[in-house]
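**Q** Okay, here's the structure, questions in a sec.
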Amino acid sequence: MKSDIFAVSGMKCVHCKANVENALKSLNGVKSAEANLEKANVNVEYDESVVTPAQLKEAVDNSGRYELSL
């Protein structure tokens, strides 16, 4: 398991936070995702043999008006 913190732009409220977390948690290989509105980032624990950072980015970018920075 790997844990990384990624910057996320576009999160403005609790609903946004939940959208980003749910998009990441829906991916196979993601154990946990905790977004922080104040810091505009998300801490993701994932199995890098199952899911790549590019796939994490794609899931967040496609979940609304958010952009995950690698």
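Ligands are numbered from 1 in the order shown, residues from 1 within each chain, and chains are lettered A, B, ... in the order they appear in the structure tokens.
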Gly29 of chain A: which residues within 7 Å, counting only C-alpha atoms, same-chain residues fewer than 3 positions away excluded, as a PyMOL selection string?
**A** chain A and resi 46-47+50-51
**Q** Could you write out, as a PyMOL selection string, all the residues of chain A that DSSP marks as alpha helix (DSSP H)?
**A** chain A and resi 14-25+53-61
**Q** Hey, what's within 7 Å of Phe6 of chain A if we count only C-alpha atoms and toss same-chain stuff fewer than 4 positions away? As JSON, numbers by chain, please?
**A** {"A": [41, 42, 43, 68, 69, 70]}
**Q** Using DSSP secondary structure from the backbone, list all strand (DSSP E) positions within segment 9-69 of chain A, as a ChimeraX atom specification.
**A** /A:9,30-36,41-46,67-69
**Q** For Glu21 of chain A, find every residue with an atom within 7 Å (counting only C-alpha atoms), except residues of its own chain fewer than 5 positions away, and show them as a PyMOL selection string.
**A** chain A and resi 33-35
**Q** Can I get the selected residues back with C-alpha atoms, as a PDB file, in the first residue's frame?
**A**
ATOM      1  CA  ALA A  33      -9.408   8.750   0.538  1.00  0.00           C
ATOM      2  CA  GLU A  34      -9.675  11.760   2.859  1.00  0.00           C
ATOM      3  CA  ALA A  35     -10.071  15.191   1.301  1.00  0.00           C
TER       4      ALA A  35
END
**Q** Name the residues in contact with Tyr66 of chain A at a cut-off of 12 Å, using only C-alpha atoms, excluding same-chain residues fewer than 2 positions from it; report them as a tab-separated table (two decimals) with C-alpha atoms, in the first residue's frame.
**A**
chain	number	residue	atom	x	y	z
A	7	ALA	CA	-3.60	18.81	-4.58
A	8	VAL	CA	-7.20	19.15	-5.75
A	9	SER	CA	-8.62	22.33	-7.22
A	10	GLY	CA	-12.33	23.10	-7.38
A	11	MET	CA	-13.44	21.81	-3.96
A	12	LYS	CA	-15.54	24.49	-2.28
A	13	CYS	CA	-17.94	22.71	0.10
A	16	CYS	CA	-17.42	18.69	-3.20
A	17	LYS	CA	-15.27	16.93	-0.59
A	18	ALA	CA	-17.61	13.93	-0.63
A	19	ASN	CA	-17.65	13.81	-4.46
A	20	VAL	CA	-13.86	13.68	-4.62
A	21	GLU	CA	-13.61	11.04	-1.87
A	23	ALA	CA	-14.78	9.08	-6.89
A	40	ALA	CA	-7.30	21.78	-1.00
A	41	ASN	CA	-5.83	18.29	-1.11
A	42	VAL	CA	-6.67	14.63	-0.70
A	57	LYS	CA	-6.51	11.79	-11.51
A	58	GLU	CA	-8.95	10.61	-14.17
A	59	ALA	CA	-11.54	9.58	-11.55
A	60	VAL	CA	-11.38	12.95	-9.77
A	61	ASP	CA	-11.28	15.00	-12.98
A	62	ASN	CA	-14.37	13.17	-14.29
A	63	SER	CA	-16.37	13.54	-11.05
A	64	GLY	CA	-17.22	17.22	-11.42
A	68	LEU	CA	-6.30	16.44	-9.18
A	69	SER	CA	-2.67	17.47	-9.65
**Q** For a test of reading the model, state the distance in Å between atom CA of Thr52 of chain A and atom CA of Val14 of chain A, rounded to one decimal.
**A**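 Answer for the atom CA of Thr52 of chain A to atom CA of Val14 of chain A separation: 26.0 Å.
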**Q** Between atom CA of Lys31 of chain A and atom CA of Arg65 of chain A, what is the spacing in Å?
**A** 23.5 Å
